[in-house]
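Asker: One structure follows; several queries about it will come next.
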Amino acid sequence: MPREIAVPSRTKEILEEHGFSFKKSLGQNFLIDRNILEKIVSAAGAGPEDGVIEIGPGIGGLTEQFAKAVKQVEAFEIDGRLIPVLQKTMMPYSNVRIWHEDILKADLEQVLHEYMQEVEDVIVAGNLPYYVTTPIIMKLLEQRLPLSRMVFMMQKEVADRIAADPGSKNYGSLSIAAQYFSVPVKTMIVPKTVFVPKPNVDSAVVRFDLRKSPPVHVEEEAHFFQVVKAAFAQRRKTIWNNLQHNLTGREQREELAAALQEAEIDSGRRGESLTMEEYAKLSEALRKHIT
Ligand code: SAM
């Protein structure tokens with residue numbers, strides 16, 4: 001059995017053997033710390049009957065740990081140069097399938113339907129490419145796939161925004177979207193030193209426990225998220241100013257005032273002070289008063 005992939009000396013050997021050079025534009029920072037990988041696998045709570053969809057396997061450091069812990073791994077890698085590398089490093093693991101595909105374009109519903117019928121829980125995991133962290137998370141949350149959990153490494157700053165509570169400086173539309181679809185929990189902070197090449201910022205691992213139903217009721221989800229986005233358009237402005245400029249327009253001042261009153265929200269408050277329940281009430285009131 002060869003040495004594990006995510007050990008600095010073996011990673012170096014693999015990279016040299018394939019003459020691989022990192023592409024910053026693809027967010028390539030590989031993990032070289034076994035301990036961190038084990039913690040990600042443990043945060044994923046994946047057992048021997050479960051399946052994992054991995055985003056961005058790189059040279060397979062995390063993939064290898066999942067391969068040992070679960071029944072099946074479907075790993076999606078965008079960089080064609082890494083496919084022959086993965087084919088070689090994953091040779092000892094017959095339960096890993098490599099897909100040369102952009103995760104944002106992959107039809108995961110079909111993958112689940114055609115390839116993952118034999119597993120108990122499906123968990124999506126990955127050390128995410130930093131340039132596209134938020135779109136990947138949002139796409140997966142909005143798709144409402146029959147997943148149990150998602151576990152991702154990301155920039156600490158994004159993790160802070162995802163898990164933020166109302167009133168904090170990190171609270172914004174990303175916090176509300178993430179918390180509408182899931183219960184996100186930061187499980188650990190990860191220093192820059194455990195990656196090659198070393199990124200500029202620290203990272204964090206977030207586990208998203210997916211909700212079966214949202215914590216608030218809204219008739220029209222798209223409208224709810226439109227209201228939230230408008231409310232945070234300029235953080236220093238009041239909810240009144242933001243909604244008037246970014247949602248209703250000046251001509252519907254009276255209707256906006258009526259909606260805020262109905263939702264019992266003071267027009268001088270800022271978007272960051274409203275809870276998700278208040279946004280839901282506001283979205284319903286706006287739908288009623290604004291045509
Ligand atoms: N999992 C490896 C590790 O932890 O060492 C590599 C993680 S690295 C931060 C991110 C990986 O995602 C890279 O291998 C990169 O090529 C790949 N990637 C970037 N954009 C992608 C996309 N849209 N779809 C799938 N993979 C992507």
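Ligands are numbered from 1 in the order shown, chains are lettered A, B, ... in the order of the structure tokens, and residues start at 1 in each chain.
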Write as a VMD selection string the residues around ligand 1, taking 7 Å as the cut-off and counting only C-alpha atoms and all ligand atoms.
Answerer: chain A and resid 26 to 32 55 to 63 76 to 79 101 to 104 126 to 130 132
Asker: Could you jot down the atom CA of Glu254 of chain A to atom CA of Ser267 of chain A separation for me, Å, one decimal place?
Answerer: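 Going from atom CA of Glu254 of chain A over to atom CA of Ser267 of chain A, I get 12.2 Å.
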Asker: Between atom CA of Met154 of chain A and atom CA of Ile53 of chain A, what is the spacing in Å?
Answerer: 16.7 Å
Asker: What does the distance from atom CA of Gln179 of chain A to atom CA of Ile162 of chain A come to in Å, to one decimal?
Answerer: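 Distance between the two atoms: 7.6 Å.
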Asker: Pull the closest atom pair for each residue of segment 38-102 of chain A that gets at most 12 Å from segment 206-215 of chain A, along with the distance in Å to one decimal, counting only C-alpha atoms, ordering rows by chain and then ascending residue number, as a tab-separated table.
Answerer:
```
residue	atom	partner	partner_atom	distance
A:Lys39	CA	A:Val206	CA	11.5
A:Ile40	CA	A:Arg207	CA	9.2
A:Val41	CA	A:Arg207	CA	10.9
A:Ser42	CA	A:Arg207	CA	10.7
A:Ala43	CA	A:Arg207	CA	6.9
A:Ala44	CA	A:Arg207	CA	7.2
A:Gly45	CA	A:Arg207	CA	9.8
```
Asker: Please dump the current selection as a tab-separated table (two decimals), in the first residue's frame; keep N, CA, C and O atoms.
Answerer:
```tsv
chain	number	residue	atom	x	y	z
A	39	LYS	N	-10.62	15.11	10.49
A	39	LYS	CA	-11.66	15.91	11.15
A	39	LYS	C	-12.78	16.25	10.17
A	39	LYS	O	-13.95	16.33	10.55
A	40	ILE	N	-12.44	16.47	8.90
A	40	ILE	CA	-13.49	16.76	7.91
A	40	ILE	C	-14.38	15.52	7.74
A	40	ILE	O	-15.60	15.61	7.73
A	41	VAL	N	-13.73	14.36	7.63
A	41	VAL	CA	-14.49	13.12	7.47
A	41	VAL	C	-15.39	12.90	8.69
A	41	VAL	O	-16.57	12.55	8.56
A	42	SER	N	-14.86	13.19	9.86
A	42	SER	CA	-15.66	12.99	11.05
A	42	SER	C	-16.80	14.02	11.12
A	42	SER	O	-17.93	13.67	11.49
A	43	ALA	N	-16.55	15.27	10.69
A	43	ALA	CA	-17.63	16.28	10.68
A	43	ALA	C	-18.73	15.87	9.70
A	43	ALA	O	-19.90	16.19	9.89
A	44	ALA	N	-18.34	15.14	8.64
A	44	ALA	CA	-19.32	14.71	7.63
A	44	ALA	C	-20.23	13.62	8.20
A	44	ALA	O	-21.30	13.36	7.65
A	45	GLY	N	-19.81	13.00	9.28
A	45	GLY	CA	-20.62	11.96	9.93
A	45	GLY	C	-20.97	10.84	8.97
A	45	GLY	O	-22.09	10.32	9.01
```
Asker: Can you list, as an mmCIF file with all heavy atoms, in the first residue's frame, every protein, DNA or RNA residue that comes within 12 Å of Arg269 of chain A when you count only C-alpha atoms, leaving out same-chain residues fewer than 2 positions away?
Answerer:
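Dumped everything to part-v5.cif:
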```
data_model
loop_
_atom_site.group_PDB
_atom_site.id
_atom_site.type_symbol
_atom_site.label_atom_id
_atom_site.label_comp_id
_atom_site.auth_asym_id
_atom_site.auth_seq_id
_atom_site.Cartn_x
_atom_site.Cartn_y
_atom_site.Cartn_z
ATOM 1 N N GLY A 167 -27.848 41.296 13.657
ATOM 2 C CA GLY A 167 -27.192 42.303 14.500
ATOM 3 C C GLY A 167 -25.682 42.278 14.371
ATOM 4 O O GLY A 167 -25.005 43.221 14.757
ATOM 5 N N ALA A 231 -32.793 44.707 0.887
ATOM 6 C CA ALA A 231 -32.602 45.294 2.216
ATOM 7 C C ALA A 231 -31.128 45.456 2.578
ATOM 8 O O ALA A 231 -30.761 46.301 3.391
ATOM 9 C CB ALA A 231 -33.291 44.425 3.258
ATOM 10 N N PHE A 232 -30.282 44.629 1.963
ATOM 11 C CA PHE A 232 -28.846 44.685 2.270
ATOM 12 C C PHE A 232 -28.038 45.371 1.169
ATOM 13 O O PHE A 232 -26.821 45.341 1.205
ATOM 14 C CB PHE A 232 -28.287 43.271 2.478
ATOM 15 C CG PHE A 232 -28.651 42.669 3.804
ATOM 16 C CD1 PHE A 232 -29.666 41.728 3.902
ATOM 17 C CD2 PHE A 232 -27.977 43.042 4.963
ATOM 18 C CE1 PHE A 232 -30.009 41.163 5.117
ATOM 19 C CE2 PHE A 232 -28.308 42.478 6.178
ATOM 20 C CZ PHE A 232 -29.329 41.540 6.260
ATOM 21 N N ARG A 235 -25.417 48.574 3.100
ATOM 22 C CA ARG A 235 -25.531 48.201 4.511
ATOM 23 C C ARG A 235 -25.754 49.385 5.440
ATOM 24 O O ARG A 235 -26.385 49.256 6.473
ATOM 25 C CB ARG A 235 -24.268 47.459 4.968
ATOM 26 C CG ARG A 235 -24.114 46.103 4.358
ATOM 27 C CD ARG A 235 -22.984 45.357 5.029
ATOM 28 N NE ARG A 235 -23.385 44.900 6.342
ATOM 29 C CZ ARG A 235 -23.897 43.688 6.581
ATOM 30 N NH1 ARG A 235 -24.037 42.836 5.602
ATOM 31 N NH2 ARG A 235 -24.244 43.345 7.786
ATOM 32 N N ARG A 236 -25.201 50.551 5.086
ATOM 33 C CA ARG A 236 -25.299 51.678 6.026
ATOM 34 C C ARG A 236 -26.647 52.393 5.931
ATOM 35 O O ARG A 236 -26.969 53.243 6.739
ATOM 36 C CB ARG A 236 -24.145 52.648 5.804
ATOM 37 C CG ARG A 236 -22.795 51.942 5.921
ATOM 38 C CD ARG A 236 -21.717 52.702 6.648
ATOM 39 N NE ARG A 236 -21.667 54.123 6.413
ATOM 40 C CZ ARG A 236 -20.884 54.681 5.504
ATOM 41 N NH1 ARG A 236 -20.134 53.941 4.729
ATOM 42 N NH2 ARG A 236 -20.861 55.981 5.382
ATOM 43 N N LYS A 237 -27.434 52.064 4.910
ATOM 44 C CA LYS A 237 -28.736 52.725 4.750
ATOM 45 C C LYS A 237 -29.829 52.016 5.544
ATOM 46 O O LYS A 237 -29.714 50.842 5.867
ATOM 47 C CB LYS A 237 -29.103 52.754 3.273
ATOM 48 C CG LYS A 237 -28.212 53.702 2.491
ATOM 49 C CD LYS A 237 -28.854 54.103 1.201
ATOM 50 C CE LYS A 237 -28.124 55.280 0.602
ATOM 51 N NZ LYS A 237 -28.509 55.510 -0.764
ATOM 52 N N THR A 238 -30.921 52.742 5.786
ATOM 53 C CA THR A 238 -32.043 52.145 6.520
ATOM 54 C C THR A 238 -32.817 51.199 5.611
ATOM 55 O O THR A 238 -32.672 51.240 4.387
ATOM 56 C CB THR A 238 -33.022 53.252 6.984
ATOM 57 O OG1 THR A 238 -33.502 53.910 5.808
ATOM 58 C CG2 THR A 238 -32.362 54.234 7.919
ATOM 59 N N ILE A 239 -33.665 50.400 6.241
ATOM 60 C CA ILE A 239 -34.494 49.466 5.482
ATOM 61 C C ILE A 239 -35.401 50.250 4.526
ATOM 62 O O ILE A 239 -35.623 49.857 3.376
ATOM 63 C CB ILE A 239 -35.293 48.537 6.446
ATOM 64 C CG1 ILE A 239 -36.027 47.448 5.679
ATOM 65 C CG2 ILE A 239 -36.284 49.276 7.308
ATOM 66 C CD1 ILE A 239 -35.342 46.168 5.681
ATOM 67 N N TRP A 240 -35.872 51.396 4.989
ATOM 68 C CA TRP A 240 -36.743 52.246 4.152
ATOM 69 C C TRP A 240 -36.002 52.642 2.865
ATOM 70 O O TRP A 240 -36.511 52.453 1.764
ATOM 71 C CB TRP A 240 -37.171 53.485 4.956
ATOM 72 C CG TRP A 240 -37.895 54.486 4.127
ATOM 73 C CD1 TRP A 240 -37.357 55.556 3.459
ATOM 74 C CD2 TRP A 240 -39.292 54.501 3.816
ATOM 75 N NE1 TRP A 240 -38.312 56.228 2.762
ATOM 76 C CE2 TRP A 240 -39.534 55.598 2.972
ATOM 77 C CE3 TRP A 240 -40.385 53.686 4.175
ATOM 78 C CZ2 TRP A 240 -40.802 55.918 2.476
ATOM 79 C CZ3 TRP A 240 -41.641 54.007 3.695
ATOM 80 C CH2 TRP A 240 -41.841 55.096 2.847
ATOM 81 N N ASN A 241 -34.816 53.217 3.039
ATOM 82 C CA ASN A 241 -34.059 53.674 1.862
ATOM 83 C C ASN A 241 -33.719 52.532 0.922
ATOM 84 O O ASN A 241 -33.875 52.645 -0.288
ATOM 85 C CB ASN A 241 -32.760 54.363 2.297
ATOM 86 C CG ASN A 241 -33.011 55.810 2.654
ATOM 87 O OD1 ASN A 241 -33.860 56.455 2.042
ATOM 88 N ND2 ASN A 241 -32.303 56.298 3.648
ATOM 89 N N ASN A 242 -33.253 51.441 1.492
ATOM 90 C CA ASN A 242 -32.861 50.315 0.646
ATOM 91 C C ASN A 242 -34.051 49.744 -0.125
ATOM 92 O O ASN A 242 -33.940 49.472 -1.319
ATOM 93 C CB ASN A 242 -32.203 49.222 1.488
ATOM 94 C CG ASN A 242 -30.690 49.399 1.563
ATOM 95 O OD1 ASN A 242 -30.066 49.899 0.619
ATOM 96 N ND2 ASN A 242 -30.096 48.992 2.666
ATOM 97 N N LEU A 243 -35.178 49.579 0.555
ATOM 98 C CA LEU A 243 -36.330 48.994 -0.148
ATOM 99 C C LEU A 243 -36.876 49.960 -1.191
ATOM 100 O O LEU A 243 -37.245 49.565 -2.295
ATOM 101 C CB LEU A 243 -37.427 48.592 0.841
ATOM 102 C CG LEU A 243 -37.081 47.422 1.764
ATOM 103 C CD1 LEU A 243 -38.253 47.083 2.678
ATOM 104 C CD2 LEU A 243 -36.677 46.171 0.977
ATOM 105 N N LEU A 260 -44.474 48.039 5.868
ATOM 106 C CA LEU A 260 -43.580 48.043 7.038
ATOM 107 C C LEU A 260 -44.399 48.088 8.325
ATOM 108 O O LEU A 260 -44.085 47.393 9.299
ATOM 109 C CB LEU A 260 -42.611 49.228 6.971
ATOM 110 C CG LEU A 260 -41.431 49.057 6.003
ATOM 111 C CD1 LEU A 260 -40.746 50.375 5.702
ATOM 112 C CD2 LEU A 260 -40.402 48.063 6.570
ATOM 113 N N GLU A 264 -44.797 45.371 11.333
ATOM 114 C CA GLU A 264 -44.315 45.922 12.607
ATOM 115 C C GLU A 264 -42.810 46.129 12.610
ATOM 116 O O GLU A 264 -42.095 45.707 13.518
ATOM 117 C CB GLU A 264 -44.736 45.029 13.777
ATOM 118 C CG GLU A 264 -46.251 44.927 13.926
ATOM 119 C CD GLU A 264 -46.666 43.951 15.008
ATOM 120 O OE1 GLU A 264 -46.290 44.160 16.170
ATOM 121 O OE2 GLU A 264 -47.339 42.958 14.669
ATOM 122 N N ILE A 265 -42.333 46.745 11.519
ATOM 123 C CA ILE A 265 -40.897 47.008 11.408
ATOM 124 C C ILE A 265 -40.687 48.521 11.262
ATOM 125 O O ILE A 265 -41.242 49.146 10.348
ATOM 126 C CB ILE A 265 -40.299 46.259 10.199
ATOM 127 C CG1 ILE A 265 -40.352 44.750 10.486
ATOM 128 C CG2 ILE A 265 -38.859 46.694 9.921
ATOM 129 C CD1 ILE A 265 -40.191 43.897 9.271
ATOM 130 N N ASP A 266 -39.893 49.086 12.150
ATOM 131 C CA ASP A 266 -39.595 50.514 12.129
ATOM 132 C C ASP A 266 -38.783 50.837 10.876
ATOM 133 O O ASP A 266 -37.769 50.178 10.611
ATOM 134 C CB ASP A 266 -38.795 50.840 13.395
ATOM 135 C CG ASP A 266 -38.573 52.330 13.558
ATOM 136 O OD1 ASP A 266 -38.160 52.993 12.571
ATOM 137 O OD2 ASP A 266 -38.804 52.827 14.658
ATOM 138 N N SER A 267 -39.211 51.839 10.118
ATOM 139 C CA SER A 267 -38.552 52.129 8.837
ATOM 140 C C SER A 267 -37.130 52.659 9.014
ATOM 141 O O SER A 267 -36.362 52.714 8.064
ATOM 142 C CB SER A 267 -39.392 53.115 8.027
ATOM 143 O OG SER A 267 -39.547 54.302 8.780
ATOM 144 N N GLY A 271 -31.090 46.780 7.668
ATOM 145 C CA GLY A 271 -31.323 45.405 7.239
ATOM 146 C C GLY A 271 -30.693 44.379 8.154
ATOM 147 O O GLY A 271 -31.270 43.316 8.414
ATOM 148 N N GLU A 272 -29.507 44.701 8.695
ATOM 149 C CA GLU A 272 -28.793 43.703 9.496
ATOM 150 C C GLU A 272 -29.447 43.442 10.855
ATOM 151 O O GLU A 272 -29.052 42.511 11.555
ATOM 152 C CB GLU A 272 -27.331 44.120 9.676
ATOM 153 C CG GLU A 272 -27.154 45.355 10.515
ATOM 154 C CD GLU A 272 -25.812 46.046 10.258
ATOM 155 O OE1 GLU A 272 -25.424 46.156 9.082
ATOM 156 O OE2 GLU A 272 -25.193 46.467 11.232
ATOM 157 N N SER A 273 -30.460 44.272 11.232
ATOM 158 C CA SER A 273 -31.093 44.053 12.541
ATOM 159 C C SER A 273 -32.338 43.175 12.433
ATOM 160 O O SER A 273 -32.902 42.763 13.437
ATOM 161 C CB SER A 273 -31.458 45.399 13.174
ATOM 162 O OG SER A 273 -32.628 45.915 12.564
ATOM 163 N N LEU A 274 -32.781 42.867 11.215
ATOM 164 C CA LEU A 274 -34.018 42.089 11.064
ATOM 165 C C LEU A 274 -33.755 40.579 11.121
ATOM 166 O O LEU A 274 -32.824 40.072 10.482
ATOM 167 C CB LEU A 274 -34.702 42.398 9.719
ATOM 168 C CG LEU A 274 -35.714 43.553 9.688
ATOM 169 C CD1 LEU A 274 -35.024 44.886 9.948
ATOM 170 C CD2 LEU A 274 -36.416 43.600 8.335
ATOM 171 N N THR A 275 -34.607 39.882 11.864
ATOM 172 C CA THR A 275 -34.491 38.422 11.911
ATOM 173 C C THR A 275 -35.118 37.823 10.647
ATOM 174 O O THR A 275 -35.829 38.517 9.909
ATOM 175 C CB THR A 275 -35.252 37.860 13.127
ATOM 176 O OG1 THR A 275 -36.638 38.197 12.948
ATOM 177 C CG2 THR A 275 -34.747 38.429 14.430
ATOM 178 N N GLU A 278 -38.807 38.271 10.677
ATOM 179 C CA GLU A 278 -39.241 39.612 10.282
ATOM 180 C C GLU A 278 -39.175 39.781 8.760
ATOM 181 O O GLU A 278 -40.054 40.395 8.164
ATOM 182 C CB GLU A 278 -38.392 40.674 10.994
ATOM 183 C CG GLU A 278 -38.753 40.769 12.475
ATOM 184 C CD GLU A 278 -37.929 41.815 13.219
ATOM 185 O OE1 GLU A 278 -36.677 41.779 13.106
ATOM 186 O OE2 GLU A 278 -38.507 42.651 13.914
#
```
Asker: Here is a test: counting only C-alpha atoms, which residue of A:Ser168, A:Lys229, A:Ser173, A:Asp160 is nearest to Val185 of chain A?
Answerer: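 For Val185 of chain A, the nearest of the given residues is A:Asp160.
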Asker: Run DSSP on the backbone of this structure and report the residues of segment 69-112 of chain A it assigns to strand (DSSP E or B), as a PyMOL selection string.
Answerer: chain A and resi 72-77+96-100
Asker: Include C-alpha atoms and write out the residues we just selected as a PDB file, in the first residue's frame.
Answerer:
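The new file result-v6.pdb reads:
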```pdb
ATOM      1  CA  GLN A  72     -18.975   5.010  -2.484  1.00  0.00           C
ATOM      2  CA  VAL A  73     -17.404   8.290  -3.606  1.00  0.00           C
ATOM      3  CA  GLU A  74     -18.370  10.278  -6.707  1.00  0.00           C
ATOM      4  CA  ALA A  75     -15.676  12.935  -7.181  1.00  0.00           C
ATOM      5  CA  PHE A  76     -16.089  15.924  -9.553  1.00  0.00           C
ATOM      6  CA  GLU A  77     -12.936  17.650 -10.804  1.00  0.00           C
ATOM      7  CA  VAL A  96     -14.234   5.926  -6.170  1.00  0.00           C
ATOM      8  CA  ARG A  97     -15.527   7.233  -9.492  1.00  0.00           C
ATOM      9  CA  ILE A  98     -13.871  10.282 -11.030  1.00  0.00           C
ATOM     10  CA  TRP A  99     -15.960  12.717 -13.057  1.00  0.00           C
ATOM     11  CA  HIS A 100     -14.222  15.287 -15.246  1.00  0.00           C
TER      12      HIS A 100
END
```
Asker: Which residue gives the smallest distance to Thr248 of chain A among A:Gln87, A:Gln155, A:Gln226, A:Thr134, with only C-alpha atoms counted?
Answerer: A:Gln226
Asker: Wanna dump the segment 136-251 of chain A-segment 8-16 of chain A contacts at 12 Å for me, each residue with its shortest atom pair and the distance in Å to one decimal, counting only C-alpha atoms, ordered by chain and number, as CSV?
Answerer:
```
residue,atom,partner,partner_atom,distance
A:Thr193,CA,A:Pro8,CA,11.5
A:Val194,CA,A:Pro8,CA,9.4
A:Phe195,CA,A:Pro8,CA,9.4
A:Val196,CA,A:Pro8,CA,8.6
A:Pro197,CA,A:Lys12,CA,11.2
```
Asker: So that I can see what lies close to Val218 of chain A, please list as an mmCIF file with all heavy atoms, in the first residue's frame the residues with an atom at most 9 Å from it, counting only C-alpha atoms and leaving out residues fewer than 5 positions away in the same chain.
Answerer:
```
data_model
loop_
_atom_site.group_PDB
_atom_site.id
_atom_site.type_symbol
_atom_site.label_atom_id
_atom_site.label_comp_id
_atom_site.auth_asym_id
_atom_site.auth_seq_id
_atom_site.Cartn_x
_atom_site.Cartn_y
_atom_site.Cartn_z
ATOM 1 N N HIS A 223 -39.561 35.982 -4.119
ATOM 2 C CA HIS A 223 -39.849 37.337 -3.639
ATOM 3 C C HIS A 223 -39.184 37.588 -2.287
ATOM 4 O O HIS A 223 -38.581 38.639 -2.054
ATOM 5 C CB HIS A 223 -41.364 37.555 -3.552
ATOM 6 C CG HIS A 223 -41.735 38.924 -3.090
ATOM 7 N ND1 HIS A 223 -42.113 39.202 -1.799
ATOM 8 C CD2 HIS A 223 -41.747 40.104 -3.747
ATOM 9 C CE1 HIS A 223 -42.356 40.495 -1.682
ATOM 10 N NE2 HIS A 223 -42.132 41.061 -2.854
ATOM 11 N N PHE A 224 -39.258 36.616 -1.395
ATOM 12 C CA PHE A 224 -38.618 36.718 -0.077
ATOM 13 C C PHE A 224 -37.125 37.038 -0.234
ATOM 14 O O PHE A 224 -36.596 37.973 0.378
ATOM 15 C CB PHE A 224 -38.838 35.393 0.674
ATOM 16 C CG PHE A 224 -38.022 35.204 1.923
ATOM 17 C CD1 PHE A 224 -38.277 35.934 3.074
ATOM 18 C CD2 PHE A 224 -36.994 34.265 1.949
ATOM 19 C CE1 PHE A 224 -37.523 35.739 4.230
ATOM 20 C CE2 PHE A 224 -36.234 34.061 3.104
ATOM 21 C CZ PHE A 224 -36.509 34.807 4.239
ATOM 22 N N ALA A 280 -39.628 37.415 6.643
ATOM 23 C CA ALA A 280 -40.751 36.647 6.086
ATOM 24 C C ALA A 280 -42.039 37.461 6.194
ATOM 25 O O ALA A 280 -42.803 37.573 5.233
ATOM 26 C CB ALA A 280 -40.884 35.317 6.835
ATOM 27 N N LYS A 281 -42.247 38.097 7.352
ATOM 28 C CA LYS A 281 -43.442 38.932 7.554
ATOM 29 C C LYS A 281 -43.452 40.103 6.576
ATOM 30 O O LYS A 281 -44.469 40.427 5.968
ATOM 31 C CB LYS A 281 -43.432 39.502 8.986
ATOM 32 C CG LYS A 281 -44.317 38.756 9.958
ATOM 33 C CD LYS A 281 -44.021 39.185 11.360
ATOM 34 C CE LYS A 281 -45.100 40.100 11.929
ATOM 35 N NZ LYS A 281 -44.820 40.428 13.347
ATOM 36 N N SER A 283 -41.902 40.312 3.681
ATOM 37 C CA SER A 283 -42.099 39.860 2.304
ATOM 38 C C SER A 283 -43.592 39.614 2.038
ATOM 39 O O SER A 283 -44.138 40.016 0.998
ATOM 40 C CB SER A 283 -41.273 38.589 2.082
ATOM 41 O OG SER A 283 -41.752 37.858 1.003
ATOM 42 N N GLU A 284 -44.279 39.012 3.011
ATOM 43 C CA GLU A 284 -45.720 38.763 2.838
ATOM 44 C C GLU A 284 -46.493 40.076 2.778
ATOM 45 O O GLU A 284 -47.375 40.256 1.937
ATOM 46 C CB GLU A 284 -46.258 37.877 3.976
ATOM 47 C CG GLU A 284 -45.668 36.472 3.995
ATOM 48 C CD GLU A 284 -45.752 35.736 2.656
ATOM 49 O OE1 GLU A 284 -46.819 35.233 2.328
ATOM 50 O OE2 GLU A 284 -44.738 35.690 1.926
#
```
